[in-house]
Every structure is written in structure tokens, then in C-alpha cells.
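S.K.: What follows is the file entry_36.txt, containing compact mmCIF, C-alpha atoms and all ligand atoms:
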# COMPACT_ATOMS: atom_id res chain seq x y z
CA MET A 1 -4.76 212.66 81.09
CA ARG A 2 -2.53 211.05 83.67
CA LEU A 3 -0.44 213.38 85.77
CA ILE A 4 0.98 210.92 88.23
CA HIS A 5 4.75 210.99 88.59
CA ASN A 6 7.33 209.07 90.48
CA MET A 7 5.31 205.94 91.19
CA THR A 8 4.13 202.90 89.34
CA THR A 9 0.56 202.11 88.47
CA ILE A 10 0.56 198.34 88.49
CA ALA A 11 -2.54 198.16 86.31
CA GLU A 12 -0.62 200.02 83.60
CA CYS A 13 2.71 198.35 84.12
CA PRO A 14 2.23 194.63 84.72
CA ALA A 15 5.99 194.04 84.87
CA ALA A 16 6.25 196.07 88.09
CA GLU A 17 7.10 193.56 90.77
CA PRO A 18 8.00 194.39 94.35
CA PRO A 19 11.60 193.54 95.25
CA LEU A 20 11.50 189.93 96.38
CA HIS A 21 12.63 190.49 99.95
CA ASN A 22 10.73 193.67 100.79
CA ARG A 23 7.84 193.59 103.18
CA VAL A 24 4.67 194.35 101.15
CA ILE A 25 1.94 196.45 102.76
CA LYS A 26 -1.40 196.44 100.99
CA ILE A 27 -3.95 199.19 101.55
CA ALA A 28 -7.40 199.66 99.96
CA VAL A 29 -9.03 203.11 99.99
CA ILE A 30 -12.82 203.04 100.09
CA GLY A 31 -15.55 205.65 100.43
CA GLY A 32 -18.35 207.51 98.71
CA SER A 33 -18.07 209.11 95.31
CA GLY A 34 -16.06 212.33 95.10
CA VAL A 35 -14.85 212.33 98.71
CA GLY A 36 -11.23 212.63 97.58
CA LYS A 37 -9.98 209.02 97.59
CA THR A 38 -7.79 209.47 94.52
CA ALA A 39 -6.58 212.87 95.72
CA LEU A 40 -5.51 211.30 99.05
CA VAL A 41 -3.70 208.37 97.43
CA VAL A 42 -1.88 210.63 94.98
CA ARG A 43 -1.04 213.11 97.74
CA PHE A 44 0.40 210.39 99.95
CA LEU A 45 2.43 208.74 97.21
CA THR A 46 3.65 211.81 95.29
CA ARG A 47 3.19 214.73 97.75
CA ARG A 48 1.21 216.48 95.01
CA PHE A 49 -2.35 217.73 94.84
CA ILE A 50 -3.37 218.02 91.22
CA GLY A 51 -7.04 218.91 91.70
CA ASP A 52 -8.45 217.07 88.71
CA TYR A 53 -8.49 213.29 88.81
CA GLU A 54 -9.89 210.61 86.60
CA ARG A 55 -13.19 209.57 88.19
CA ASN A 56 -13.60 206.04 89.47
CA ALA A 57 -10.12 205.17 88.24
CA GLY A 58 -9.68 202.24 90.62
CA ASN A 59 -5.93 201.97 90.01
CA LEU A 60 -3.46 199.98 92.03
CA TYR A 61 -0.32 201.96 92.87
CA SER A 62 2.98 200.75 94.20
CA ARG A 63 5.84 202.60 95.82
CA GLU A 64 8.94 201.87 97.84
CA VAL A 65 9.08 203.77 101.13
CA GLN A 66 11.08 203.72 104.35
CA VAL A 67 9.12 202.55 107.40
CA ASP A 68 11.05 202.59 110.67
CA GLY A 69 14.30 202.50 108.70
CA GLU A 70 13.20 199.51 106.62
CA GLN A 71 12.56 199.62 102.88
CA VAL A 72 8.99 198.37 102.28
CA THR A 73 6.75 198.19 99.25
CA ILE A 74 3.41 199.89 99.71
CA GLN A 75 0.62 198.96 97.38
CA VAL A 76 -2.46 201.16 97.46
CA GLN A 77 -5.69 200.19 95.75
CA ASP A 78 -7.81 203.21 94.86
CA THR A 79 -11.45 202.19 94.35
CA PRO A 80 -14.53 203.62 92.61
CA GLY A 81 -17.00 205.49 94.84
CA ALA A 82 -19.44 203.34 96.82
CA GLU A 83 -23.07 203.95 95.89
CA MET A 84 -26.07 204.18 98.24
CA THR A 85 -28.90 201.76 97.44
CA ASP A 86 -32.26 201.08 99.12
CA ASN A 87 -30.54 198.36 101.17
CA GLY A 88 -27.58 200.48 102.30
CA VAL A 89 -24.36 200.65 100.35
CA SER A 90 -23.33 198.54 97.40
CA LEU A 91 -19.79 197.70 96.40
CA PRO A 92 -18.79 196.25 93.05
CA ASP A 93 -17.33 192.73 93.24
CA HIS A 94 -13.80 193.91 92.52
CA VAL A 95 -13.94 196.28 95.51
CA THR A 96 -14.92 193.32 97.70
CA SER A 97 -11.90 191.50 96.25
CA SER A 98 -9.73 194.50 97.13
CA ILE A 99 -10.92 194.31 100.75
CA GLN A 100 -10.00 190.61 100.87
CA TRP A 101 -6.60 191.38 99.34
CA ALA A 102 -5.79 194.30 101.69
CA ASP A 103 -3.93 194.31 105.00
CA ALA A 104 -5.76 197.53 105.85
CA VAL A 105 -8.68 199.60 104.61
CA VAL A 106 -8.80 203.39 104.72
CA LEU A 107 -12.46 204.47 104.95
CA VAL A 108 -12.89 208.01 103.64
CA TYR A 109 -15.71 210.53 103.91
CA SER A 110 -15.82 214.21 103.06
CA VAL A 111 -16.75 216.70 105.78
CA THR A 112 -18.73 218.54 103.08
CA ASP A 113 -20.87 215.51 102.22
CA ARG A 114 -23.21 214.23 104.91
CA ARG A 115 -24.19 211.17 102.88
CA SER A 116 -20.59 210.07 102.61
CA PHE A 117 -20.36 210.18 106.42
CA ASP A 118 -23.61 208.22 106.79
CA GLN A 119 -22.21 205.51 104.49
CA ILE A 120 -19.24 204.79 106.72
CA GLU A 121 -20.99 202.48 109.16
CA HIS A 122 -22.38 200.38 106.28
CA LEU A 123 -18.98 200.30 104.62
CA HIS A 124 -17.36 199.20 107.86
CA GLN A 125 -19.83 196.31 108.07
CA LEU A 126 -19.10 195.33 104.47
CA VAL A 127 -15.36 195.39 105.18
CA ALA A 128 -15.83 193.16 108.24
CA ARG A 129 -18.07 190.79 106.28
CA ALA A 130 -15.82 190.62 103.21
CA GLY A 131 -12.69 190.15 105.31
CA GLY A 132 -14.23 187.40 107.50
CA ALA A 133 -11.67 185.89 109.90
CA ASN A 134 -8.91 187.79 108.05
CA ALA A 135 -10.65 191.19 108.32
CA PRO A 136 -8.20 194.00 107.52
CA SER A 137 -7.32 196.80 109.94
CA VAL A 138 -9.39 199.94 109.37
CA ILE A 139 -8.74 203.66 109.81
CA LEU A 140 -11.22 206.48 109.25
CA LEU A 141 -10.24 209.61 107.28
CA ALA A 142 -12.36 212.75 107.10
CA ASN A 143 -11.23 214.71 104.04
CA LYS A 144 -11.73 218.28 102.71
CA ALA A 145 -11.22 219.90 106.12
CA ASP A 146 -10.17 223.08 104.28
CA LEU A 147 -13.73 223.68 103.03
CA VAL A 148 -14.88 225.20 106.33
CA HIS A 149 -17.80 227.09 104.85
CA LEU A 150 -19.16 223.91 103.19
CA ARG A 151 -18.85 221.68 106.25
CA ARG A 152 -21.81 219.33 106.82
CA VAL A 153 -20.25 216.97 109.39
CA ASP A 154 -19.31 218.42 112.78
CA PRO A 155 -15.65 217.96 113.80
CA GLN A 156 -16.59 215.89 116.89
CA GLN A 157 -18.72 213.39 114.93
CA GLY A 158 -15.75 211.77 113.19
CA PRO A 159 -13.89 210.81 116.39
CA LEU A 160 -17.16 209.58 117.93
CA LEU A 161 -17.85 207.31 114.98
CA ALA A 162 -14.26 206.06 114.92
CA GLY A 163 -14.51 205.28 118.64
CA ALA A 164 -17.71 203.29 118.06
CA LEU A 165 -16.06 201.37 115.19
CA GLY A 166 -12.84 200.83 117.15
CA CYS A 167 -10.52 202.48 114.65
CA SER A 168 -8.13 205.45 114.45
CA PHE A 169 -9.41 208.76 113.11
CA TYR A 170 -7.73 211.57 111.14
CA GLU A 171 -9.24 214.74 109.77
CA VAL A 172 -7.22 215.91 106.79
CA SER A 173 -7.22 218.08 103.71
CA ALA A 174 -5.69 216.46 100.65
CA SER A 175 -5.58 219.85 98.96
CA GLU A 176 -4.03 221.94 101.76
CA ASP A 177 -1.83 219.76 103.89
CA TYR A 178 0.53 216.99 102.86
CA SER A 179 1.82 216.30 106.38
CA GLN A 180 -1.59 215.31 107.80
CA VAL A 181 -2.21 212.88 104.95
CA HIS A 182 1.30 211.48 105.18
CA ASP A 183 0.97 211.10 108.95
CA ALA A 184 -2.26 209.09 108.68
CA PHE A 185 -0.94 206.67 106.05
CA HIS A 186 2.50 206.46 107.57
CA ARG A 187 1.21 205.50 111.04
CA LEU A 188 -0.93 202.85 109.45
CA CYS A 189 2.09 201.48 107.55
CA CYS A 190 4.17 201.37 110.76
CA GLN A 191 1.41 199.49 112.55
CA LEU A 192 1.04 197.00 109.68
CA ALA A 193 4.78 196.49 109.34
CA LYS A 194 4.95 195.56 113.03
CA GLN A 195 2.12 193.04 112.63
CA GLN A 196 3.67 191.27 109.67
CA PRO A 197 6.28 188.55 109.99
CA PRO A 198 9.72 189.70 108.80
CA PRO A 199 10.39 189.20 105.09
CA PRO A 200 12.27 186.01 104.19
CA PRO A 201 16.06 186.34 103.82
CA PRO A 202 17.49 186.21 100.28
CA ALA A 203 17.16 182.59 99.09
CA SER A 204 20.53 180.96 98.58
CA ASN A 205 19.09 177.49 97.98
CA SER A 206 15.81 175.70 97.48
CA SER A 207 15.05 175.23 101.19
CA ASN A 208 14.42 178.97 101.66
CA SER A 209 11.08 179.14 99.88
CA SER A 210 8.61 181.64 101.48
CA ALA A 211 5.51 180.13 99.90
CA GLY A 212 3.95 179.21 103.24
CA GLY A 213 4.20 182.70 104.84
CA ALA A 214 1.13 184.70 105.88
CA THR A 215 2.11 187.54 103.53
CA GLU A 216 2.32 185.19 100.59
CA LYS A 217 -1.08 183.64 101.37
CA ARG A 218 -2.84 186.97 101.00
CA ARG A 219 -1.01 188.07 97.85
CA SER A 220 -3.36 189.35 95.14
CA PRO A 221 -3.67 187.57 91.83
CA LEU A 222 -3.00 191.04 90.29
CA ILE A 223 0.54 190.92 91.59
CA PRO A 224 2.95 188.63 89.80
CA ARG A 225 4.26 185.88 92.03
CA PRO A 226 8.01 185.71 92.52
CA LYS A 227 9.81 183.06 90.53
CA SER A 228 10.29 179.83 92.38
CA PRO A 229 13.82 179.52 93.81
CA ASN A 230 13.70 175.85 92.87
CA MET A 231 13.22 176.70 89.24
CA GLN A 232 15.98 179.30 89.27
CA ASP A 233 18.34 176.88 90.92
CA LEU A 234 17.51 174.21 88.37
CA LYS A 235 18.14 176.63 85.50
CA ARG A 236 21.46 177.70 86.98
CA ARG A 237 22.63 174.10 87.37
CA PHE A 238 21.41 173.22 83.89
CA LYS A 239 23.39 176.15 82.45
CA GLN A 240 26.51 175.15 84.36
CA ALA A 241 26.25 171.56 83.16
CA LEU A 242 25.81 172.64 79.54
CA SER A 243 28.66 175.14 79.51
CA ALA A 244 31.02 172.65 81.14
CA LYS A 245 30.27 169.91 78.60
CA VAL A 246 29.64 171.71 75.35
CA ARG A 247 31.45 175.02 75.99
CA THR A 248 28.90 176.99 73.98
CA VAL A 249 26.68 179.85 75.09
CA THR A 250 23.25 178.47 75.67
CA SER A 251 20.08 180.20 76.71
CA VAL A 252 17.35 178.37 78.62
N1 LIG A 301 -11.06 221.59 98.57
C1 LIG A 301 -10.72 220.31 98.49
N2 LIG A 301 -11.01 219.59 97.40
C2 LIG A 301 -10.63 218.30 97.37
C3 LIG A 301 -9.94 217.68 98.43
N3 LIG A 301 -9.71 216.39 98.09
C4 LIG A 301 -10.23 216.22 96.86
N4 LIG A 301 -10.79 217.36 96.44
C5 LIG A 301 -11.50 217.58 95.17
O1 LIG A 301 -12.66 216.77 95.20
C6 LIG A 301 -12.94 216.27 93.89
C7 LIG A 301 -13.03 214.76 93.94
O2 LIG A 301 -11.76 214.25 94.27
P1 LIG A 301 -11.34 212.76 93.86
O3 LIG A 301 -10.02 212.49 94.47
O4 LIG A 301 -11.50 212.55 92.41
O5 LIG A 301 -12.48 211.94 94.63
P2 LIG A 301 -12.76 210.38 94.55
O6 LIG A 301 -13.29 209.97 95.87
O7 LIG A 301 -11.56 209.67 94.06
O8 LIG A 301 -13.92 210.34 93.46
P3 LIG A 301 -14.46 209.04 92.64
O9 LIG A 301 -13.27 208.31 92.10
O10 LIG A 301 -15.30 209.65 91.56
O11 LIG A 301 -15.27 208.24 93.60
C8 LIG A 301 -11.81 216.78 92.99
O12 LIG A 301 -12.27 217.94 92.34
C9 LIG A 301 -10.69 217.13 93.97
O13 LIG A 301 -9.87 218.17 93.48
C10 LIG A 301 -9.63 218.47 99.58
O14 LIG A 301 -9.04 218.03 100.57
N5 LIG A 301 -10.05 219.79 99.57
MG MG A 302 -11.26 208.48 92.40
Could you express the structure from this file as C-alpha cells?
Ligand SMILES: Nc1nc2c(ncn2[C@@H]2O[C@H](COP(=O)(O)OP(=O)(O)OP(=O)(O)O)[C@@H](O)[C@H]2O)c(=O)[nH]1
Ligand SMILES: [Mg+2]
M.R.:
Amino acid sequence: MRLIHNMTTIAECPAAEPPLHNRVIKIAVIGGSGVGKTALVVRFLTRRFIGDYERNAGNLYSREVQVDGEQVTIQVQDTPGAEMTDNGVSLPDHVTSSIQWADAVVLVYSVTDRRSFDQIEHLHQLVARAGGANAPSVILLANKADLVHLRRVDPQQGPLLAGALGCSFYEVSASEDYSQVHDAFHRLCCQLAKQQPPPPPPASNSSNSSAGGATEKRRSPLIPRPKSPNMQDLKRRFKQALSAKVRTVTSV
């Protein structure tokens, strides 16, 4: 059963396309199984905590939000839980693709699950390796802070690890506190929006194509590409020529 409201799951709605001239911020959420990745994504995008989520859903969500007064499209890739193997942590190929697609990765562990904390360093290495020269920004989220009696990771260990990895750290509870979760994602979005080049202005003619921009280069194959302005211009001129000569309604 899907209980997600007020946002679009791109995987379920292939027609969903970000407005052409919005900045697009792409975030992948990665971590061990059951740490609360889906709960965090849903909390951030809908403000709701439902409590029962489809396991390993791996959906891509999209939502329009205001960042520093600017309307941006945020795309968040939820991913299946990473599994421990004899050689460390393994990630399915499509999660590696998500890392390469993303502008930023949110690494998540649960304070109630020591193994999920121990995975973080391996996951950070995999993110750096998968991203290569284009490695995405990373933040570290410790989730389930409300479960005080079940805590297995000391509060000071998260910031220490984040310091060693060179990333920001937030301890949150997806179930208890929307503002902490919102704050963590929102700061990340602000930082990413500042790093990106401004979106191209609305194209009035064929010379305004944005195909060479950095944002465009990293666009996922999952996301439909905008129509070429050249093609649209051609169609418009073709229509004009037809209606002037033949004076009939023609569709192209
Ligand atoms: N108490 C508490 N429970 C939480 C919190 N976040 C998630 N949960 C619960 O933890 C369980 C797992 O949450 P999910 O969001 O499905 O975790 P996940 O990381 O997406 O799991 P997989 O997709 O299976 O890897 C669910 O029962 C959630 O209700 C939290 O902050 N506090
Ligand atoms: Mg999940």
C-alpha cells in the first residue's frame, strides 16, 4: 500500500518532468537495511511519518521547493539497504548508478544499530570510488534518536566519524521531529543550489540551448530530457507556414 501524498514518484509517473528552467537538485539516500531511509525521505518531502514503509522500495521522488527564495526541483533517490559481505559492504549496480547521478549523498545509520554505523566508512569509500572526479557531496545522518533505551552508538561517535570523513553531521528522529530532518536536507539543498550554475533563461530562440551545462551533463537517464528548442522552433515555423498557405488546421 502506498501512502505517499503530495509528491510525485517518478518511477510510477514517467511523465513527471521538472519545469524546464528550475534548478534540479539530485540527492541519493544510502545506508544499511532498516535504518529509516524511506522514513526520512518521506518525512522530508511530505512532513509525515507513516511508520510502515515498503521495504527496499528504491523509488525516485520529485518535489518543487523554495530554496533561498528560488523555486527548485528536488529529486531524491531512496535506495535499498546496503548489505555487509565478507569484503565489506556491497551495493547493487543501480545504487552505484544513483551515486553517479546524484549531486549529493545522504549516508544514514541508525543509533540503535551498531552494524549500520560500522558500514558508514565503507559506504563513504564506495561513494568516493563510484563518483570518481565528480564525487557527490556527502552528509551523515544518525536516525532514530528517539529510541534512547535502544541506543547502540554513543552520541559523540557520529560527529567524530563525520569529522574524519569531512562531512556535516545531523542526529535526527524521523518519527519524532520533522524540523531536524527538514533542517538537514534543507541546508544540503541550499549548499548545492549555491554550487550549481544558475538555470538557463527561458529559450526564446535556438541559440539558448542549455545542452552543454554541468547540470545537464549529470542528468539521469531516468529523467526525460527536455525537448530541444530547435525542434520546437522548427515545428512552430512549420505550423505557421502551413496555416498561412493552406488555411487549414494542421497538427504536426
Ligand atoms: N522509533 C523510530 N522508528 C523509526 C524511525 N525511522 C524509521 N523508523 C522505523 O524503522 C523501520 C524501518 O524504516 P524504513 O524507513 O523502512 O527503513 P529503510 O532504511 O528504508 O529500510 P529498507 O528499505 O528495508 O532498507 C520502520 O518500522 C520505521 O517506522 C525513527 O526515527 N524512530
Ligand atoms: Mg526503504
S.K.: For chain A against ligand MG 302 (chain A), with a cut-off of 9 Å and counting only C-alpha atoms and all ligand atoms, what is the closest atom pair and its distance in Å to one decimal for every residue that makes the cut, ordered by chain and number, as a Markdown table?
M.R.:
| residue | atom | partner | partner_atom | distance |
| --- | --- | --- | --- | --- |
| A:Ser33 | CA | A:MG302 | MG | 7.4 |
| A:Gly34 | CA | A:MG302 | MG | 6.7 |
| A:Val35 | CA | A:MG302 | MG | 8.2 |
| A:Gly36 | CA | A:MG302 | MG | 6.6 |
| A:Lys37 | CA | A:MG302 | MG | 5.4 |
| A:Thr38 | CA | A:MG302 | MG | 4.2 |
| A:Ala39 | CA | A:MG302 | MG | 7.2 |
| A:Tyr53 | CA | A:MG302 | MG | 6.6 |
| A:Glu54 | CA | A:MG302 | MG | 6.3 |
| A:Arg55 | CA | A:MG302 | MG | 4.8 |
| A:Asn56 | CA | A:MG302 | MG | 4.5 |
| A:Ala57 | CA | A:MG302 | MG | 5.4 |
| A:Gly58 | CA | A:MG302 | MG | 6.7 |
| A:Asn59 | CA | A:MG302 | MG | 8.7 |
| A:Asp78 | CA | A:MG302 | MG | 6.8 |
| A:Thr79 | CA | A:MG302 | MG | 6.6 |
| A:Pro80 | CA | A:MG302 | MG | 5.9 |
| A:Gly81 | CA | A:MG302 | MG | 6.9 |
S.K.: Using all atoms listed in the file, which protein or nucleic acid residues come within 6 Å of Ile139 of chain A? Drop anything in the same chain fewer than 5 positions from it, and give the result as a PDB file with C-alpha atoms, keeping the file's coordinate frame.
M.R.:
ATOM      1  CA  VAL A 106      -8.800 203.390 104.720  1.00  0.00           C
ATOM      2  CA  CYS A 167     -10.520 202.480 114.650  1.00  0.00           C
ATOM      3  CA  SER A 168      -8.130 205.450 114.450  1.00  0.00           C
TER       4      SER A 168
END
S.K.: Can you list, as a ChimeraX atom specification, every protein, DNA or RNA residue that comes within 12 Å of Gly31 of chain A when you count only C-alpha atoms, leaving out same-chain residues fewer than 3 positions away?
M.R.: /A:28,34-38,40,56,58,78-84,89-91,95,105-110,113,115-124,126-127,139-143
S.K.: How far is it from atom CA of Asn22 of chain A to atom CA of Val181 of chain A, in Å with one decimal?
M.R.: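 A separation of 23.5 Å between them.
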S.K.: Kindly list the centre and edge lengths in Å, rounded to one decimal, for the axis-aligned box that covers all listed atoms of segment 121-134 of chain A plus 5 Å on each of its six sides, as lines of an AutoDock Vina configuration file.
M.R.:
center_x = -15.6
center_y = 194.2
center_z = 106.6
size_x = 23.5
size_y = 26.6
size_z = 16.7
S.K.: Nearest to ligand LIG 301 (chain A) among A:Tyr178, A:Phe185, A:Trp101, A:Tyr61, with distances taken over all atoms listed in the file: which residue is it?
M.R.: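 Once distances to ligand LIG 301 (chain A) are computed over all atoms listed in the file, the minimum belongs to A:Tyr178.
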S.K.: Please measure the separation of atom C9 of ligand LIG 301 (chain A) and atom CA of Thr96 of chain A, giving the value in Å to one decimal.
M.R.: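 Answer for the atom C9 of ligand LIG 301 (chain A) to atom CA of Thr96 of chain A separation: 24.5 Å.
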S.K.: Ranking A:Val76, A:Ala104, A:Val42, A:Leu160 by minimum distance to ligand LIG 301 (chain A) and counting all atoms listed in the file, which one comes first?
M.R.: A:Val42
S.K.: So how far away is atom CA of Gly158 of chain A from atom CA of His186 of chain A, in Å?
M.R.: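 Computing the Euclidean distance for atom CA of His186 of chain A and atom CA of Gly158 of chain A yields 19.8 Å.
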